[in-house]
Structures are given as structure tokens and as C-alpha cells.
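*Asks:* Have a look at this one before I ask anything.
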Amino acid sequence: MSFLDGHRLMGSRWDFVVLILVLLISTVAEFSYGGRTSSFVRTANLSLDMPVDSDVFRVPPGYNAPQQVHITQGDHVGKGVLVSWVTPEEPGSNTVLYWAENTTLKKQADGIVLTYKYFNYTSGYIHHCTINDLEFDTKYYYEVGIGNTIRQFWFITPPEVGPDVPYTFGLIGDLGQTYDSNRTLTHYELNPAKGKTMLFVGDLSYANDYPFHDNTRWDTWGRFTERNAAYQPWIWTAGNHELDLAPELGEAIPFKPYKNRYHVPYRASYSTSPFWYSIRRASTYIIVMSSYSAFGKYTSQYKWLENELPKVNRTETPWLIVLMHSPLYNSYANHYMEGETMRVMYESWFVEYKVDVVFAGHVHAYERSERVSNIAYNIVNGMCTPISDQSAPVYITIGDGGNLEGLVTDMTEPQPSYSAYREASFGHGILDIKNRTHAYFSWHRNQDGYAVEADSVWLHNRYWNTLEESTLAALR
């Protein structure tokens, strides 16, 4: 065989390999002007509610046993835990006993108890108790209840706040209480990445989707999520399904069930409302915003965020994350451009302060954006197209928890340039902070194995990578 013949044979083999690769890729995704739209085939059926007698909704045994136990961060730095639970028959004890692992000395913290009424429903006795001055990076056990109905749980406090502290977050939104909801939560719990804190981007129980805003569905949801939320903090964001605004039922106060059931440490960040607040955890600074509270100029939320962003010390907490419910960038037909007013209001701040990631829900699907901004428009220049901007955040929509309203499958076409990947499947996310410069985000669809990543991206910290680039440029 001559060199030329060998070369031709080698070339034909390479052509064949390239063809096979192209065919393989095309079976996984469709490429468009923007990024990638998954062609994963899923069922078109709506998600079905789990029966109310399902084991996931089981009422704990014993008279007045505490139920719906959940925790969230109780202060601004992670040395506090806010424990909440419900006793159905009478107030019982509002005390939490707690102790560090490998110690016998039990301490106690006392909380508050409250109830609320909604239409023809009266809640059980809702307890909220904050445990303060805990040690960092320590496992604690805690007990709620009295007599024969004492229930024991545990949690692990985060490491002390610092720039290179690794930490792993889970991300779920729009969960509901269907069979798919249960698959999402199970998939998250069995993911070997082992999220330590849940960032929840709104729409919890979907109680308002039931006749007369059936508030017993808040109770079933609390029992359903207890298996995880009692052991690791869930950082709460309010969504539209938390509004529960029903003047026709005589219920004209928004967020009533949510506000009574899910307390957050908003005063620790000098917020005037539980719907917008911030916390620090490990190497992250997390800002929670409310898509369904007033956010225009001069409002309380606007003034708070205007004062909050300059406080973020990126040498201490390099990762700046924003949680909200309605996405600012969304290429699905459902809820298309609903976040536009908030984007116009705040996107320039997100770019100025180099926010790393903005997580949202609302759209019942998954989508990840490129780093883009659309902040040049001034009414006369016509510059209203998103452009690549390395100071801008990545926008991730993860409203695919599994609720009864089902998936959104209609998408705008062609895929916009700002959209890097989109798929209408149920799943959850994992944000794995490595150090001050690098983090790894992965999205996991429910149909895959627990360790399988349907989408992923390395995130380069906006503050530290820009700083390093500037330093290198100065040395050239």
C-alpha cells in the first residue's frame, strides 16, 4: 500500500468517525442559533397527585405529635438554626432541646407559637424557635415535643464563613406533591454529590390550585418534605403560588399561609420583610428577592437591595448568588417575559456588582443562559438585544420540581442567543462551590441515574476571575 493510499484510507476512517459523532450528538440535542435544546423524550401526561393516605404524608403516631418539622438558617452567618414544626391538637411545648454530637449536655431554646385561619380552615399550632450561638461545622441533635411524642432529628452547621470554603447546595423549585415531586426529592436525596443546604426558588405546596385554596395541602406538603427539610436547611423564596390571594373567599391578605408557616431570618440582614433577605453561608452570599412584592424605585425592596449589594465583601464571601421566583431570562412560551420589569429594574445592578448566578423557578422546565446583559437601551438608541457580557450572571431556571400543573414544553423558536441549554424535564440542581474562583453546577433529570448529569457548567467567579485577569493584563 502506498503512502497516498494509506492516507486516503486513514482519511475515510476519520470521515466515518466524524459522521458517527455528528449522528450521536444529533440524537441527544438539536443545535440552534442560541445553544442546545434537548430532544429527550418524556411523557406528555400531567403529574398526578399522590393519594392523601400515601406514606409520604403519614401523620406521626401519638397524640399531638410534632409534624411538618423543617429548619432554615437562623442568623446571617450560619451559627443559628430556625426550627419550625406544627402540633395539631394543642400548643404543647414550644421548647427545642439540642446538643452537639459526642456530648451529653443538653441545652434548650424557647420559641413562639401561632395559628391562622384561612376561609374555612384553622391551622394547627405552628412553632418557630431559633437556636443561636452554635459552633461551626458541627453535628447537632435536637428534639421537639413532650412525653411519649418526643421526636429527634439532627443537622450539621456550615463551616465558618471564608473565601475558600467548599460547600454544596441543592436547588429545587415548583415542587408540589405529586408522584413526580416525590421522584425529584428522592433523586436529590440519593445524589452522591450530597447537597448540604437546599436553595428553594419558590412555589411550595400548590395548595391554591385545590378547591377553596385547601390549606390541608399545606399540611400534607409539610409532612412530605420533613424527611429532608428537618435535617438540612431549606432557604425559602416566595413564589406566585404562595400568594394565596382570594378576595372571593374573603382572603385579601397575600402570603398568609406561607408567612405563618415558613419563617426566615430577614431581620438579620436589616430587611423589613420576610420576602427579601440575605444570608452568608460558607463562601457564599445569598440574596433572596420577591418577584411578587413591590420592587419599583423607592419601594422597601428596592431600597433594601440598593443598600445590601455594596455590603457584600467578595474577599470574605466571593460567591454572590441571587434567588427569585420569576426568571429574568426565559425562552419558553409559558411566562415569557414575565420577569421583564424586574430585569429592567435590577439587571444593571447585577452586572455592576458581578453577581455570579441568578436562580429562578416559575417556568416548569430547565434552562441555563450564557453570560449576557441587556442594559444599554436608553429609549432612543435602539440597543435592546442581549449581548455577551462577562460581568453578567448566568441565569438558571429550575422550576421543574414536579408539580401537578405539569411541564412546559412550548419554546420560542429559534432558540435565542442568550439560551445555552434548555429541556422540559423534571429534576433538581447541584451547586458545588470548590474555592473562591471555581464552582460546578449540574442539573439532574429524574429519569437518569442518581449521579448522571444531564447538563453541567463550570462557573468562574466574576469577582476573582476579573481581578486575576486585570492583574495579568497589568503585568503584560
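Just so we're on the same page: first chain in the C-alpha cells is A, next is B, and so on; residues restart at 1 for each chain, and ligands are numbered from 1 in the order they show up.
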Hey, what's within 12 Å of Leu105 (chain A) if we count only C-alpha atoms and toss same-chain stuff fewer than 6 positions away? As JSON, numbers by chain, please?
*Replies:* {"A": [97, 98, 99, 140, 141, 142]}
*Asks:* Give me, as a PyMOL selection string, all polymer residues having an atom no more than 8 Å from Val372 (chain A), counting only C-alpha atoms and skipping those fewer than 2 positions away in the same chain.
*Replies:* chain A and resi 369-370+374+386-390+392-394+418
*Asks:* Export N, CA, C and O atoms of the chosen residues as a tab-separated table (two decimals), in the first residue's frame?
*Replies:*
chain	number	residue	atom	x	y	z
A	369	SER	N	-28.61	29.98	30.90
A	369	SER	CA	-28.24	31.03	29.94
A	369	SER	C	-26.73	31.14	29.78
A	369	SER	O	-25.96	30.61	30.59
A	370	GLU	N	-26.33	31.83	28.75
A	370	GLU	CA	-24.97	32.33	28.65
A	370	GLU	C	-24.83	33.54	29.58
A	370	GLU	O	-25.82	34.01	30.15
A	374	ASN	N	-28.48	43.05	28.96
A	374	ASN	CA	-29.28	43.87	28.06
A	374	ASN	C	-29.58	45.18	28.77
A	374	ASN	O	-30.70	45.47	29.16
A	386	PRO	N	-29.85	41.34	23.96
A	386	PRO	CA	-28.85	40.82	24.90
A	386	PRO	C	-27.53	40.55	24.20
A	386	PRO	O	-27.49	40.03	23.08
A	387	ILE	N	-26.45	40.95	24.86
A	387	ILE	CA	-25.11	40.74	24.31
A	387	ILE	C	-24.26	39.98	25.32
A	387	ILE	O	-24.54	39.99	26.51
A	388	SER	N	-23.21	39.36	24.82
A	388	SER	CA	-22.28	38.67	25.71
A	388	SER	C	-21.64	39.67	26.67
A	388	SER	O	-21.21	40.74	26.27
A	389	ASP	N	-21.63	39.30	27.96
A	389	ASP	CA	-21.10	40.21	28.99
A	389	ASP	C	-20.52	39.36	30.11
A	389	ASP	O	-21.25	38.72	30.86
A	390	GLN	N	-19.20	39.35	30.23
A	390	GLN	CA	-18.54	38.50	31.20
A	390	GLN	C	-18.65	39.03	32.64
A	390	GLN	O	-18.23	38.35	33.58
A	392	ALA	N	-21.70	39.71	33.70
A	392	ALA	CA	-23.09	39.36	33.98
A	392	ALA	C	-23.19	37.98	34.61
A	392	ALA	O	-22.31	37.14	34.46
A	393	PRO	N	-24.29	37.74	35.31
A	393	PRO	CA	-24.50	36.40	35.87
A	393	PRO	C	-24.94	35.39	34.83
A	393	PRO	O	-25.36	35.74	33.73
A	394	VAL	N	-24.84	34.12	35.20
A	394	VAL	CA	-25.54	33.05	34.49
A	394	VAL	C	-26.93	32.97	35.10
A	394	VAL	O	-27.09	33.00	36.32
A	418	TYR	N	-29.12	34.03	23.93
A	418	TYR	CA	-28.76	34.02	25.35
A	418	TYR	C	-28.96	32.65	25.99
A	418	TYR	O	-28.48	32.40	27.09
*Asks:* Using 12 Å as the limit and counting only C-alpha atoms, can you tabulate each residue of region 208-308 of chain A that touches region 70-93 of chain A, with its shortest atom-to-atom distance in Å and the two atoms involved, as CSV?
*Replies:*
residue,atom,partner,partner_atom,distance
A:Thr216,CA,A:Pro88,CA,11.5
A:Trp218,CA,A:Val86,CA,11.3
A:Asp219,CA,A:Val86,CA,8.8
A:Thr220,CA,A:Val86,CA,11.7
A:Trp221,CA,A:His70,CA,11.3
A:Gly222,CA,A:His70,CA,7.9
A:Arg223,CA,A:His70,CA,9.3
A:Phe224,CA,A:His70,CA,10.8
A:Thr225,CA,A:His70,CA,8.0
A:Glu226,CA,A:His70,CA,5.9
A:Arg227,CA,A:His70,CA,8.8
A:Asn228,CA,A:His70,CA,8.0
A:Ala229,CA,A:His70,CA,4.7
A:Ala230,CA,A:His70,CA,4.1
A:Tyr231,CA,A:Ile71,CA,7.2
A:Gln232,CA,A:Ile71,CA,6.7
A:Pro233,CA,A:Thr72,CA,4.1
A:Trp234,CA,A:Thr72,CA,5.2
A:Ile235,CA,A:Thr72,CA,5.9
A:Trp236,CA,A:Thr72,CA,8.0
A:Thr237,CA,A:Thr72,CA,11.7
A:Asn260,CA,A:Ser84,CA,10.4
A:Arg261,CA,A:Ser84,CA,7.8
A:Tyr262,CA,A:Ser84,CA,7.7
A:His263,CA,A:Leu82,CA,7.9
A:Val264,CA,A:Thr72,CA,6.9
A:Pro265,CA,A:Gly74,CA,5.4
A:Tyr266,CA,A:Asp75,CA,8.4
A:Arg267,CA,A:Asp75,CA,8.6
A:Ala268,CA,A:His76,CA,5.6
A:Ser269,CA,A:His76,CA,6.7
A:Tyr270,CA,A:His76,CA,10.2
A:Ser271,CA,A:His76,CA,11.6
A:Tyr277,CA,A:His76,CA,9.5
A:Ser278,CA,A:His76,CA,7.2
A:Ile279,CA,A:His76,CA,4.6
A:Arg280,CA,A:Val77,CA,4.9
A:Arg281,CA,A:Gly78,CA,5.8
A:Ala282,CA,A:Gly78,CA,8.0
A:Ser283,CA,A:Val77,CA,10.3
A:Thr284,CA,A:Val77,CA,10.0
A:Tyr285,CA,A:Val77,CA,9.4
A:Ile286,CA,A:His76,CA,9.9
A:Ile287,CA,A:His76,CA,11.1
*Asks:* From the set A:Gly111, A:Pro327, A:Pro163, A:Pro247, which residue has the shortest atom-to-atom contact distance to Asn132 (chain A), counting only C-alpha atoms?
*Replies:*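 Of the candidates, the smallest distance to Asn132 (chain A) is held by A:Gly111.
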*Asks:* Hey, what's within 8 Å of region 293-309 of chain A if we count only C-alpha atoms and toss same-chain stuff fewer than 6 positions away? As a PyMOL selection string, please?
*Replies:* chain A and resi 270-272+275-276+342+345+353
*Asks:* Taking the backbone alone, and naming residues the way the document does, which bits of region 131-319 of chain A are strand (DSSP E or B) by DSSP, as a PyMOL selection string?
*Replies:* chain A and resi 131+139-144+151-156+167-172+178+197-200+234-235+246+251+277-281+284-288+319
*Asks:* Near region 420-422 of chain A, counting only C-alpha atoms, which residues have an atom at most 9 Å away, once you skip same-chain residues fewer than 2 positions from it, shown as a VMD selection string?
*Replies:* chain A and resid 34 to 38 331 to 332 365 to 370 415 to 418 424 455
*Asks:* Could you turn the residues from that selection into a file that holds C-alpha atoms, as a compact mmCIF listing (two decimals), in the first residue's frame?
*Replies:*
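Saved as result-v2.txt:
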# COMPACT_ATOMS: atom_id res chain seq x y z
CA GLY A 34 -28.60 30.13 20.61
CA GLY A 35 -27.43 26.94 22.24
CA ARG A 36 -28.79 23.47 22.71
CA THR A 37 -32.40 22.33 23.01
CA SER A 38 -32.60 18.80 24.38
CA SER A 331 -37.12 31.29 26.24
CA TYR A 332 -40.17 29.12 26.96
CA ALA A 365 -38.73 23.29 32.88
CA TYR A 366 -34.97 23.73 32.98
CA GLU A 367 -32.87 26.38 31.23
CA ARG A 368 -29.36 27.78 31.57
CA SER A 369 -28.24 31.03 29.94
CA GLU A 370 -24.97 32.33 28.65
CA GLN A 415 -33.60 29.39 20.36
CA PRO A 416 -32.38 32.84 21.47
CA SER A 417 -28.66 33.55 21.57
CA TYR A 418 -28.76 34.02 25.35
CA ALA A 424 -38.56 20.34 29.59
CA ASP A 455 -26.38 19.45 31.91
*Asks:* Write out as number ranges by chain the residues lying within 12 Å of Leu190 (chain A), counting only C-alpha atoms and excluding same-chain residues fewer than 6 positions away.
*Replies:* A: 170, 183-184, 228, 428, 444, 446, 448-452
*Asks:* Counting only C-alpha atoms, which of A:Tyr377, A:Phe155, A:Leu199, A:Ile126 gets nearest to Ser348 (chain A)?
*Replies:*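 The shortest atom-to-atom distance to Ser348 (chain A) comes from A:Tyr377.
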*Asks:* Which residues, written as a list in words, have at least one atom at most 10 Å from region 248-253 of chain A, with only C-alpha atoms counted and residues fewer than 5 positions away on the same chain left out?
*Replies:*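 Close residues of region 248-253 of chain A: Lys117, Tyr118, Phe119, Asn120, Phe212, His213 and Leu243 of chain A.
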*Asks:* Go ahead and write the residues just picked, N, CA and C atoms, as a short mmCIF file (atom, residue, chain, number, x, y, z; two decimals), in the first residue's frame.
*Replies:*
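Just written: out.cif:
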data_model
loop_
_atom_site.label_atom_id
_atom_site.label_comp_id
_atom_site.auth_asym_id
_atom_site.auth_seq_id
_atom_site.Cartn_x
_atom_site.Cartn_y
_atom_site.Cartn_z
N LYS A 117 -56.20 31.48 60.44
CA LYS A 117 -57.40 30.97 59.79
C LYS A 117 -57.39 31.40 58.33
N TYR A 118 -57.86 30.50 57.48
CA TYR A 118 -57.97 30.81 56.06
C TYR A 118 -59.27 30.21 55.55
N PHE A 119 -60.22 31.07 55.18
CA PHE A 119 -61.55 30.65 54.75
C PHE A 119 -62.15 29.72 55.80
N ASN A 120 -62.38 28.44 55.48
CA ASN A 120 -62.99 27.52 56.44
C ASN A 120 -61.97 26.62 57.13
N PHE A 212 -61.03 25.99 46.91
CA PHE A 212 -61.05 26.87 48.08
C PHE A 212 -59.67 27.02 48.72
N HIS A 213 -58.62 26.93 47.90
CA HIS A 213 -57.25 27.05 48.42
C HIS A 213 -57.06 26.11 49.61
N LEU A 243 -48.87 33.28 47.17
CA LEU A 243 -49.71 34.48 47.36
C LEU A 243 -51.02 34.15 48.08
#
*Asks:* Counting only C-alpha atoms, figure out which residue out of A:Ile156, A:Ala193, A:Leu404, A:Leu323 gets nearest to Ala100 (chain A).
*Replies:*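 Residue with the minimum atom-to-atom distance to Ala100 (chain A): A:Ile156.
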*Asks:* So how many Å separate CA of Phe57 (chain A) and CA of Asn191 (chain A), to one decimal?
*Replies:*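 CA of Phe57 (chain A) sits 22.6 Å away from CA of Asn191 (chain A).
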*Asks:* Just list the residues in region 44-265 of chain A DSSP gives helix (DSSP H, G or I) on the backbone, as a VMD selection string.
*Replies:* chain A and resid 55 to 57 147 to 149 179 to 189 207 to 209 211 to 213 216 to 229 240 to 242 247 to 249 256 to 261
*Asks:* CA of Asn435 (chain A) and CA of Val165 (chain A), how far apart in Å?
*Replies:*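 Those two atoms sit 6.0 Å apart.
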